[in-house]
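First comes the structure, then the notes that go with it.
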Amino acid sequence: MTDIGMKVDGLTVDLHTPRGTVRAVDGVSFTAHRGRTLALLGESGCGKSMTAQAVVGLLEPIAEVTGGSIDIDGEDLLTVSRKRRRQLAGPALSIVFQDALTALNPVVKVGVQLAEPYRIHRKMSAKAARAEAIELMRHVGIPEPESRADSYPHQFSGGMRQRLLIAMAVALSPKVLIADEPTTALDVTVQAQILALLARLRKEHDMAVILITHDLSVVAEEADTVAVMYSGRIVETGPVDQVFEDPRHPYTRGLLESVPVDAERGADLSSIPGSPPDLFSIPPGCPYQARCPLVMDVCRTSRPALVKTGDRAVACHAASASGSEGVSHAA
Amino acid sequence: MTSPADTEEAATKPNYLKMLLADPLAFIAAIVLLVVAFIAVFGRQLAGPTATQGDLALSRLAPFSTDHGWQYFLGGDLLGRSLLGRLMVATQTTMSVSVPVVLISLVIGASVGMWAGYHRGWRETLAMRIADVVLSFPSLLMAVVVLYIFSPSIASIIAILAVTRIPVYLRTARAESAELQSRVFVDAARTFGTPSGAIIRRHIFPIVLPTLLTVATLDFCYVMLAESSLSFLGIGVQPPDVSWGLMVAQGRDQLRTQWWLSVLPGLAIVITTVSANLLASWVRLATDPGQRWRLTTPRRRRRRRAVPVLEA
Amino acid sequence: MLLDVHGITKSFAVPKGRLRALDGIDLHLEKGETLGLVGESGCGKSTLARTLMLLERPDAGTVRFGGVDPFALRKTDLQRHRRRVQMVFQDPYASLNPRLTAAEIIAEPWRTHKDLFKTARERAARVRELLHLVGLRPSDANRYPQEFSGGQRQRLGIARALALGPDVVICDEPVSALDLSVQAQVLNLLNELQKQLSVSYLFISHDLSVVKHVADRVAVMYLGRIVETGTTAEVFENPRHPYTKALLSAAPSLRRADREKKEKILLTGELPSPIDPPSGCRFRTRCWKATDQCATPPPATADPATPGHIAECHFPLSLTAV
């Protein structure tokens, strides 16, 4: 097996809102291997971005990590000192945000912004750091980096800004790179370029990439492993090919069937009834019960655990019932 | 997911009285304003003769004693008139200046501002330049000049103060309207062929109004003080008529010895302004369907409350 | 022919010059059909939609709706015309006034078109019908937009667009703000409504798989021009403009079979500025087949086998061997 880049175990995040406290991320565990891409897949509000923010330590003030561990090279990010955490940000772990325009400082030249990681972590001189920054721009495919280093972020197109952001994230060759919806704001032709860039950098730097997205097709093309999230929990995980060929959780199956791949023009698409439960009203038992075609009595009372079978795992009473007895007892 | 009870709750029309009772501060503010309004109308009759004819024996009487009847509970002024009575009489003058000033400048400023912000282009430029010109004059100086030329009557005070306050509302209304007119739901209304006046009334005004009310309550205080400055200069309210601002101004010399002469009228200004402000922020919540739950849901229940989202 | 657009251009003054948003657009729409309009951001899709909604007046060219030029209509006729074309907006959060209830939102168009219903009772009955039509419950009538989920809001937006009984509904990215599981519900609803009411859709989307599912015909836009049109099957199976081919290849596919079949074309370079677009073929700066000839305006060539399948290209793909 490949080297482990990061291991997240039982991560739990609570949100303290004016309407009360809710659990946005509920016991999420996953392992990201170096040189591989793990996709966190889910719809809006499922907790995938909150998970990413908790991992990089950028949660909103109303959010609080109330449990779990985030392990990189034997260090738990949740228990290390603030100073140590800052030292790890960059060389160990970095993030690419969705919105490149707001993630870059609008009044600082990009060459200076890209030089920052080198100045802070490697204590380089301004001149040496600038040279590194220009090299970095070339590395992520920005044409004429010497002259463009003196431009401001708004002078770049959306795709080029995303490249800048990726450049900044990989500057210190992190072990783990989190990409939070990196292509959602981009057009398809630009998306293809950015995804290709991410794939190349992942191989060159031997990074573990955690790709956070709602796009099934992007997951199918880019990821090795997928973790499907629903209502703050992972409901199914495994190698992408296996999960997408033979989904075991009814939610995963419902999502896959909702994609209009080759449905007849005018024919109805299969769709999942209803919408995800609000965080304030997650029912006891399985959060998917209200929309599930396979719902049973047990689903309304007992929360299904994530049951592992080989490389794959699924949190569903119906899937466990149809699987081997031994596995469902282990739950 | 959502219980039928929740559905009913959400489906009923908002009960403003119930929401007012649910917010104790806003409720007290409303009562205070009602009392002020009542005194403004009937104060002169209620106060009786001690408000205008002083008993020099009671000059500079200290407050908080009922030895000389309830009229003298707040003490007496330099001429021995009852301070409470004077305050009640002054309420009428104060309100008859500040309320019209605020209303006139609000209506004119808001209308022009919303129109300018909705249409953008030359209308916006023109309205804003005029507002800038008005604002660039020191408003009190302008008032002094105008009131020296014309006779200082209540009507001319109202007119001059209203003109100087119009830009405040105009700018606020224009900024919000300009932002709102680019919203998609305004575009949607345009696709039905809705005339611009109707769009402003239906989609712009209700959203801008709470902000304007908040500005108006703050401006209320400013207008009362501006009126008192004019009165102090002798070109505002003319004695024997009296206003709160004028009372503050007149009592200033006695602040060390007879503090109540200016502190109590000052308190009247503060209490009225704060009440108006509290009520305005309540209105802001109560008229916004997205915020209304803050008033209808008791604090202790919020933890358990579900946001009503139904299956599609 | 219900809608016929010929040669419309529209440009806007910007600080650096004139932004040419539409540069000679031809398209037509038949009754009951869906025309998919595909293109990337900045290609002019939204300006086209706004022009057809009469929110923008074209600088040149003609728009004919049932044979009539709506831009030449006077007040009352113009209002009547507006009933026939309505729009569903992309963002179901921003397109509904948060201060109005669902019933008020649906009835909003009737405030301007007062002659449609005589009594409040008729209006209320019609609101209930429309709610039912888009799959909402009668009890939803008094709810505010923020009490609905994204999918329900878009249903509400669709009900409002249907309130005036239009012949054409312009759907501007109607599902791109929705979650996948809800997206399918809304697409099914639009499909069902078209069967029931035989409305025509101009369906604008950047999501090729969605367009492939809903559209009878497809028009591909690039920098203010339509570079390829044809039936959905023709355009998707046998793209003739290099840009269409690149666009199709860039879209990620869910199924492994599709991925293996597909030849990946990664476009190089940037989208040129619409303020100063390339001469001749707009796409030549990024096209792998471009020659000097492409600096002259490309001819609109039809495929002899499928005459409706037109590409604006000097070297259309299926005629010259790839």
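Chain lettering (A, B, ...) mirrors the order of the structure tokens, residue numbering begins at 1 for each chain separately, and ligand numbering begins at 1 in order of display.
All residues in segment 154-204 of chain C with a DSSP state of alpha helix (DSSP H), computed from the backbone, read Gln154, Arg155, Leu156, Gly157, Ile158, Ala159, Arg160, Ala161, Leu162, Leu180, Ser181, Val182, Gln183, Ala184, Gln185, Val186, Leu187, Asn188, Leu189, Leu190, Asn191, Glu192, Leu193, Gln194, Lys195, Gln196 and Leu197 of chain C.
Separating atom CA of Ala124 of chain C from atom CA of Arg183 of chain B is a distance of 27.1 Å.
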Give me the residues of chain C that have any atom at most 8 Å from an atom of chain A; for each, the nearest atom pair and the distance in Å, rounded to one decimal. Use only C-alpha atoms, sort by chain and number, and format it as CSV.
residue,atom,partner,partner_atom,distance
C:Glu40,CA,A:Asp187,CA,5.8
C:Ser41,CA,A:Asp187,CA,6.8
C:Ser149,CA,A:Ser275,CA,7.2
C:Gly151,CA,A:Ser275,CA,7.9
C:Asp179,CA,A:Glu43,CA,5.8
C:Leu180,CA,A:Ser258,CA,6.7
C:Ser181,CA,A:Ile272,CA,5.4
C:Val182,CA,A:Ser275,CA,6.9
C:Gln183,CA,A:Ser258,CA,7.9
C:Ala184,CA,A:Ser271,CA,5.3
C:Gln185,CA,A:Ser271,CA,5.7
C:Leu187,CA,A:Leu269,CA,7.7
C:Asn188,CA,A:Asp268,CA,5.4
C:Asn191,CA,A:Gly266,CA,6.2
C:His206,CA,A:Asp187,CA,7.6
C:Ser209,CA,A:Pro260,CA,5.9
C:Val210,CA,A:Pro260,CA,6.2
C:Lys212,CA,A:Arg265,CA,7.6
C:His213,CA,A:Arg265,CA,5.2
C:Val214,CA,A:Arg265,CA,5.9
C:Ala215,CA,A:Arg265,CA,7.2
C:Asp216,CA,A:Arg265,CA,7.6
C:Ala246,CA,A:Thr189,CA,7.4
C:Leu247,CA,A:Thr189,CA,6.0
C:Ala250,CA,A:Thr189,CA,5.2
C:Ala251,CA,A:Val188,CA,5.7
C:Pro252,CA,A:Ser217,CA,5.3
C:Ser253,CA,A:Ser217,CA,5.0
C:Leu254,CA,A:Ser217,CA,4.2
C:Arg255,CA,A:Ala220,CA,7.3
C:Arg256,CA,A:Ala220,CA,7.9
C:Arg259,CA,A:Glu221,CA,7.8
C:Leu266,CA,A:Gln193,CA,6.3
C:Leu267,CA,A:Thr189,CA,6.7
C:Glu270,CA,A:Ser157,CA,7.9
Query raised in the report: Counting only C-alpha atoms, which residues of chain C come no farther than 6 Å from chain B, as a list of chain:residue names?
Result: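 Putting it all together, I get C:Ala94, C:Ser95, C:Leu96, C:Asn97, C:Pro109, C:Thr112, C:Asn142, C:Arg143, C:Glu147, C:Phe148, C:Gln152.
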Sorted per-residue table, chain A near chain B, closest atoms and distance, 12 Å, only C-alpha atoms, as a Markdown table:
| residue | atom | partner | partner_atom | distance |
| --- | --- | --- | --- | --- |
| A:Leu15 | CA | B:Arg303 | CA | 11.8 |
| A:His16 | CA | B:Arg303 | CA | 9.8 |
| A:Thr17 | CA | B:Arg303 | CA | 9.0 |
| A:Pro18 | CA | B:Arg302 | CA | 7.9 |
| A:Arg19 | CA | B:Arg302 | CA | 5.0 |
| A:Gly20 | CA | B:Arg303 | CA | 4.0 |
| A:Thr21 | CA | B:Arg303 | CA | 6.7 |
| A:Val22 | CA | B:Arg303 | CA | 8.8 |
| A:Ser271 | CA | B:Ala312 | CA | 11.3 |
| A:Ile272 | CA | B:Ala312 | CA | 10.0 |
| A:Pro273 | CA | B:Ala312 | CA | 7.1 |
| A:Gly274 | CA | B:Glu311 | CA | 3.9 |
| A:Ser275 | CA | B:Glu311 | CA | 5.5 |
| A:Pro276 | CA | B:Glu311 | CA | 8.3 |
| A:Pro277 | CA | B:Met1 | CA | 7.3 |
| A:Asp278 | CA | B:Val309 | CA | 7.0 |
| A:Leu279 | CA | B:Ala306 | CA | 8.5 |
| A:Phe280 | CA | B:Ala306 | CA | 5.2 |
| A:Ser281 | CA | B:Ala306 | CA | 5.5 |
| A:Ile282 | CA | B:Met1 | CA | 8.0 |
| A:Pro283 | CA | B:Met1 | CA | 7.4 |
| A:Pro284 | CA | B:Met1 | CA | 10.9 |
| A:Pro287 | CA | B:Met1 | CA | 10.5 |
| A:Tyr288 | CA | B:Met1 | CA | 11.2 |
| A:Gln289 | CA | B:Met1 | CA | 10.3 |
| A:Ala290 | CA | B:Met1 | CA | 7.7 |
| A:Arg291 | CA | B:Glu311 | CA | 8.9 |
| A:Arg300 | CA | B:Met1 | CA | 12.0 |
Selected residues written out, C-alpha atoms, as an mmCIF file, in the first residue's frame:
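Saved to again.cif:
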data_model
loop_
_atom_site.group_PDB
_atom_site.id
_atom_site.type_symbol
_atom_site.label_atom_id
_atom_site.label_comp_id
_atom_site.auth_asym_id
_atom_site.auth_seq_id
_atom_site.Cartn_x
_atom_site.Cartn_y
_atom_site.Cartn_z
ATOM 1 C CA LEU A 15 -22.210 24.625 14.973
ATOM 2 C CA HIS A 16 -23.391 27.094 17.592
ATOM 3 C CA THR A 17 -26.031 29.062 15.719
ATOM 4 C CA PRO A 18 -28.486 31.636 17.074
ATOM 5 C CA ARG A 19 -31.146 28.943 16.702
ATOM 6 C CA GLY A 20 -29.242 26.419 18.752
ATOM 7 C CA THR A 21 -26.394 23.966 18.464
ATOM 8 C CA VAL A 22 -26.348 21.476 15.628
ATOM 9 C CA SER A 271 -34.753 11.319 -9.014
ATOM 10 C CA ILE A 272 -34.510 11.209 -5.243
ATOM 11 C CA PRO A 273 -37.747 12.466 -3.692
ATOM 12 C CA GLY A 274 -37.586 15.302 -1.203
ATOM 13 C CA SER A 275 -34.516 17.200 -0.099
ATOM 14 C CA PRO A 276 -31.855 16.548 2.559
ATOM 15 C CA PRO A 277 -33.026 17.078 6.154
ATOM 16 C CA ASP A 278 -32.222 20.378 7.731
ATOM 17 C CA LEU A 279 -29.403 20.161 10.273
ATOM 18 C CA PHE A 280 -31.887 21.255 12.926
ATOM 19 C CA SER A 281 -34.230 18.373 12.264
ATOM 20 C CA ILE A 282 -32.121 15.309 11.592
ATOM 21 C CA PRO A 283 -34.356 12.426 12.620
ATOM 22 C CA PRO A 284 -33.213 9.663 14.977
ATOM 23 C CA PRO A 287 -30.752 10.530 8.204
ATOM 24 C CA TYR A 288 -31.769 9.263 4.761
ATOM 25 C CA GLN A 289 -34.915 7.446 5.952
ATOM 26 C CA ALA A 290 -37.422 10.013 4.632
ATOM 27 C CA ARG A 291 -36.140 9.698 1.051
ATOM 28 C CA ARG A 300 -36.300 4.974 12.037
#
Report task. Please indicate the distance in Å from atom CA of Leu87 of chain B to atom CA of Glu227 of chain B, rounded to one decimal place. Result ->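 Pair atom CA of Leu87 of chain B / atom CA of Glu227 of chain B returns 15.7 Å.
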Report summary line: In Å and to one decimal, atom CA of Val107 of chain A is distant from atom CA of Tyr152 of chain A by 6.7 Å
**Report entry** Shell of 9 Å around Lys45 of chain C, only C-alpha atoms, local chain residues under 2 positions omitted, as a list in words
**Finding:** Ala21, Leu22, Leu37, Val38, Gly39, Glu40, Ser41, Gly42, Cys43, Thr47, Leu48, Ala49, Arg50, Asp172, Ile204, Ser205, Met221 and Gly224 of chain C
For the selection you just gave me, I'd like the residues written to a file as a PDB file, in the first residue's frame, keeping C-alpha atoms.
ATOM      1  CA  ALA C  21     -21.879  40.652 -26.496  1.00  0.00           C
ATOM      2  CA  LEU C  22     -23.913  39.462 -29.492  1.00  0.00           C
ATOM      3  CA  LEU C  37     -28.209  26.990 -25.837  1.00  0.00           C
ATOM      4  CA  VAL C  38     -24.724  25.967 -24.755  1.00  0.00           C
ATOM      5  CA  GLY C  39     -21.692  28.111 -24.138  1.00  0.00           C
ATOM      6  CA  GLU C  40     -19.191  29.179 -21.541  1.00  0.00           C
ATOM      7  CA  SER C  41     -19.387  32.281 -19.387  1.00  0.00           C
ATOM      8  CA  GLY C  42     -18.965  35.475 -21.358  1.00  0.00           C
ATOM      9  CA  CYS C  43     -20.232  33.971 -24.619  1.00  0.00           C
ATOM     10  CA  THR C  47     -27.482  38.972 -23.117  1.00  0.00           C
ATOM     11  CA  LEU C  48     -29.360  36.925 -25.690  1.00  0.00           C
ATOM     12  CA  ALA C  49     -31.891  35.864 -23.062  1.00  0.00           C
ATOM     13  CA  ARG C  50     -32.327  39.457 -21.863  1.00  0.00           C
ATOM     14  CA  ASP C 172     -31.636  30.509 -17.898  1.00  0.00           C
ATOM     15  CA  ILE C 204     -29.654  27.904 -21.539  1.00  0.00           C
ATOM     16  CA  SER C 205     -27.096  25.804 -19.730  1.00  0.00           C
ATOM     17  CA  MET C 221     -22.289  29.817 -28.665  1.00  0.00           C
ATOM     18  CA  GLY C 224     -21.213  36.304 -29.298  1.00  0.00           C
TER      19      GLY C 224
END
Report task. Would you kindly return, as a PyMOL selection string, each protein, DNA or RNA residue with an atom no farther than 10 Å from any atom of Asp76 of chain A, considering only C-alpha atoms and excluding same-chain residues fewer than 4 positions away? Result -> chain A and resi 6-8+68-72+80-81+85
Store the residues of this selection in a file with N, CA and C atoms, as a compact mmCIF listing (two decimals), in the first residue's frame.
# COMPACT_ATOMS: atom_id res chain seq x y z
N MET A 6 -2.57 11.35 5.46
CA MET A 6 -3.33 11.90 6.59
C MET A 6 -4.40 10.90 6.99
N LYS A 7 -4.63 10.84 8.30
CA LYS A 7 -5.68 9.95 8.79
C LYS A 7 -6.60 10.76 9.69
N VAL A 8 -7.85 10.84 9.27
CA VAL A 8 -8.84 11.56 10.06
C VAL A 8 -9.72 10.52 10.73
N GLY A 68 -12.62 13.71 17.83
CA GLY A 68 -11.88 13.11 16.73
C GLY A 68 -10.43 13.51 16.72
N SER A 69 -9.72 13.01 15.70
CA SER A 69 -8.31 13.35 15.57
C SER A 69 -7.96 13.48 14.09
N ILE A 70 -6.95 14.30 13.81
CA ILE A 70 -6.47 14.49 12.44
C ILE A 70 -4.98 14.25 12.49
N ASP A 71 -4.55 13.12 11.97
CA ASP A 71 -3.18 12.68 12.16
C ASP A 71 -2.36 12.84 10.87
N ILE A 72 -1.29 13.62 10.95
CA ILE A 72 -0.32 13.69 9.85
C ILE A 72 1.05 13.37 10.43
N VAL A 80 -1.94 19.61 18.73
CA VAL A 80 -0.65 20.32 18.71
C VAL A 80 -0.84 21.79 19.06
N SER A 81 0.23 22.46 19.43
CA SER A 81 0.14 23.87 19.78
C SER A 81 -0.18 24.69 18.54
N ARG A 85 1.05 24.14 14.68
CA ARG A 85 0.05 24.03 13.62
C ARG A 85 0.39 24.98 12.48
Requested in this report: Could you give me, as a PyMOL selection string, the residues within 9 Å of Ala32 of chain A, counting only C-alpha atoms and dropping anything in the same chain fewer than 2 positions from it?
Outcome: chain A and resi 3-8+30+34+36-38+176+208-210+225
Based on the selection just made, write N, CA and C atoms of those residues as an mmCIF file, in the first residue's frame.
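Result file follows (result-v4.cif):
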data_model
loop_
_atom_site.group_PDB
_atom_site.id
_atom_site.type_symbol
_atom_site.label_atom_id
_atom_site.label_comp_id
_atom_site.auth_asym_id
_atom_site.auth_seq_id
_atom_site.Cartn_x
_atom_site.Cartn_y
_atom_site.Cartn_z
ATOM 1 N N ASP A 3 2.038 5.206 0.981
ATOM 2 C CA ASP A 3 2.197 5.910 2.258
ATOM 3 C C ASP A 3 0.921 6.633 2.628
ATOM 4 N N ILE A 4 0.669 6.649 3.921
ATOM 5 C CA ILE A 4 -0.496 7.389 4.384
ATOM 6 C C ILE A 4 -0.134 8.862 4.526
ATOM 7 N N GLY A 5 -0.932 9.726 3.918
ATOM 8 C CA GLY A 5 -0.674 11.165 4.025
ATOM 9 C C GLY A 5 -1.342 11.736 5.256
ATOM 10 N N MET A 6 -2.573 11.347 5.464
ATOM 11 C CA MET A 6 -3.327 11.899 6.586
ATOM 12 C C MET A 6 -4.396 10.902 6.989
ATOM 13 N N LYS A 7 -4.632 10.841 8.300
ATOM 14 C CA LYS A 7 -5.680 9.954 8.791
ATOM 15 C C LYS A 7 -6.603 10.762 9.694
ATOM 16 N N VAL A 8 -7.847 10.843 9.273
ATOM 17 C CA VAL A 8 -8.844 11.563 10.063
ATOM 18 C C VAL A 8 -9.719 10.523 10.731
ATOM 19 N N PHE A 30 -11.556 9.113 7.602
ATOM 20 C CA PHE A 30 -11.044 8.685 6.299
ATOM 21 C C PHE A 30 -9.522 8.723 6.326
ATOM 22 N N ARG A 34 -0.771 9.050 -0.024
ATOM 23 C CA ARG A 34 0.038 9.934 -0.854
ATOM 24 C C ARG A 34 0.024 9.450 -2.301
ATOM 25 N N ARG A 36 -2.424 9.696 -4.206
ATOM 26 C CA ARG A 36 -3.774 9.286 -4.597
ATOM 27 C C ARG A 36 -4.754 10.427 -4.354
ATOM 28 N N THR A 37 -5.919 10.302 -4.962
ATOM 29 C CA THR A 37 -6.958 11.301 -4.748
ATOM 30 C C THR A 37 -8.144 10.671 -4.035
ATOM 31 N N LEU A 38 -8.505 11.288 -2.916
ATOM 32 C CA LEU A 38 -9.710 10.860 -2.199
ATOM 33 C C LEU A 38 -10.762 11.930 -2.439
ATOM 34 N N VAL A 176 -0.299 16.740 2.072
ATOM 35 C CA VAL A 176 -1.733 16.637 1.824
ATOM 36 C C VAL A 176 -2.220 17.944 1.217
ATOM 37 N N ALA A 208 -1.073 13.600 -1.189
ATOM 38 C CA ALA A 208 -2.412 13.040 -1.027
ATOM 39 C C ALA A 208 -3.380 14.182 -1.324
ATOM 40 N N VAL A 209 -4.238 13.991 -2.328
ATOM 41 C CA VAL A 209 -5.193 15.048 -2.676
ATOM 42 C C VAL A 209 -6.569 14.666 -2.138
ATOM 43 N N ILE A 210 -7.167 15.592 -1.404
ATOM 44 C CA ILE A 210 -8.548 15.391 -0.965
ATOM 45 C C ILE A 210 -9.411 16.341 -1.769
ATOM 46 N N THR A 225 -10.427 7.008 -4.605
ATOM 47 C CA THR A 225 -11.340 6.558 -3.564
ATOM 48 C C THR A 225 -12.404 7.630 -3.397
#
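The smallest atom-to-atom distance between Val163 of chain B and any of B:Ser136, B:Thr211, B:Ser105, B:Thr217, using only C-alpha atoms, is found for B:Ser105.
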Query - Contacts of segment 27-43 of chain B within 10 Å, only C-alpha atoms, excl. fewer than 5 positions in-chain, as a PyMOL selection string - result: chain B and resi 17+19-22+48+85-96+268+271-280+282
Serialized selection, C-alpha atoms, as a compact mmCIF listing (two decimals), in the first residue's frame:
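After the write, part33.txt holds the following:
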# COMPACT_ATOMS: atom_id res chain seq x y z
CA LEU B 17 -49.43 42.72 18.53
CA MET B 19 -44.82 39.95 18.30
CA LEU B 20 -44.70 43.30 20.08
CA LEU B 21 -45.64 41.66 23.37
CA ALA B 22 -42.92 39.07 22.83
CA GLY B 48 -52.86 73.53 34.09
CA GLY B 85 -45.98 71.38 33.42
CA ARG B 86 -43.37 73.15 31.32
CA LEU B 87 -42.14 69.78 30.00
CA MET B 88 -45.68 68.83 29.04
CA VAL B 89 -46.27 72.10 27.23
CA ALA B 90 -42.87 71.81 25.54
CA THR B 91 -43.72 68.31 24.31
CA GLN B 92 -46.31 69.81 22.03
CA THR B 93 -43.94 72.38 20.52
CA THR B 94 -41.10 69.89 20.18
CA MET B 95 -43.27 67.32 18.47
CA SER B 96 -44.95 69.84 16.22
CA ALA B 268 -37.05 63.55 27.82
CA ILE B 271 -35.94 58.63 26.35
CA THR B 272 -38.04 59.56 23.32
CA THR B 273 -35.20 58.99 20.86
CA VAL B 274 -34.15 55.69 22.37
CA SER B 275 -37.75 54.49 22.37
CA ALA B 276 -38.19 55.42 18.74
CA ASN B 277 -34.97 53.64 17.92
CA LEU B 278 -35.96 50.47 19.77
CA LEU B 279 -39.30 50.43 18.03
CA ALA B 280 -37.62 50.95 14.66
CA TRP B 282 -38.38 45.93 16.17
Query raised in the report: Near Ile178 of chain A, within 10 Å and counting only C-alpha atoms, which residues show up once chain neighbours fewer than 5 positions away are dropped, as a PyMOL selection string?
Result: chain A and resi 37-39+52-53+55-56+93-97+169+207-212
Using the selection just defined, write its residues with N, CA and C atoms as a CSV table (one decimal), in the first residue's frame.
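Contents of the output file out_19.csv:
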chain,number,residue,atom,x,y,z
A,37,THR,N,-5.9,10.3,-5.0
A,37,THR,CA,-7.0,11.3,-4.7
A,37,THR,C,-8.1,10.7,-4.0
A,38,LEU,N,-8.5,11.3,-2.9
A,38,LEU,CA,-9.7,10.9,-2.2
A,38,LEU,C,-10.8,11.9,-2.4
A,39,ALA,N,-11.9,11.5,-2.9
A,39,ALA,CA,-13.0,12.5,-3.1
A,39,ALA,C,-14.0,12.5,-2.0
A,52,ALA,N,-13.4,19.9,5.5
A,52,ALA,CA,-12.1,20.5,5.0
A,52,ALA,C,-11.7,21.6,5.9
A,53,GLN,N,-12.6,22.5,6.3
A,53,GLN,CA,-12.2,23.6,7.1
A,53,GLN,C,-11.7,23.2,8.5
A,55,VAL,N,-10.2,20.4,9.1
A,55,VAL,CA,-8.9,19.8,8.9
A,55,VAL,C,-7.8,20.9,8.8
A,56,VAL,N,-8.1,21.9,8.0
A,56,VAL,CA,-7.0,23.0,7.9
A,56,VAL,C,-7.1,24.0,9.0
A,93,LEU,N,0.3,20.5,5.0
A,93,LEU,CA,-1.1,20.5,4.6
A,93,LEU,C,-1.4,21.8,4.0
A,94,SER,N,-2.1,21.8,2.9
A,94,SER,CA,-2.5,23.1,2.4
A,94,SER,C,-3.9,23.0,1.6
A,95,ILE,N,-4.5,24.1,1.3
A,95,ILE,CA,-5.8,24.0,0.7
A,95,ILE,C,-6.0,24.9,-0.5
A,96,VAL,N,-6.8,24.5,-1.4
A,96,VAL,CA,-7.1,25.3,-2.6
A,96,VAL,C,-8.6,25.6,-2.4
A,97,PHE,N,-9.0,26.9,-2.5
A,97,PHE,CA,-10.4,27.3,-2.3
A,97,PHE,C,-11.1,27.3,-3.6
A,169,ALA,N,-0.6,26.8,-3.0
A,169,ALA,CA,-0.9,25.7,-2.1
A,169,ALA,C,0.3,24.6,-2.3
A,207,MET,N,1.6,13.9,-3.6
A,207,MET,CA,0.7,14.5,-2.5
A,207,MET,C,-0.5,13.6,-2.4
A,208,ALA,N,-1.1,13.6,-1.2
A,208,ALA,CA,-2.4,13.0,-1.0
A,208,ALA,C,-3.4,14.2,-1.3
A,209,VAL,N,-4.2,14.0,-2.3
A,209,VAL,CA,-5.2,15.0,-2.7
A,209,VAL,C,-6.6,14.7,-2.1
A,210,ILE,N,-7.2,15.6,-1.4
A,210,ILE,CA,-8.5,15.4,-1.0
A,210,ILE,C,-9.4,16.3,-1.8
A,211,LEU,N,-10.2,15.8,-2.7
A,211,LEU,CA,-11.0,16.6,-3.6
A,211,LEU,C,-12.4,16.7,-3.1
A,212,ILE,N,-12.8,17.9,-2.7
A,212,ILE,CA,-14.2,18.0,-2.2
A,212,ILE,C,-15.1,18.5,-3.3
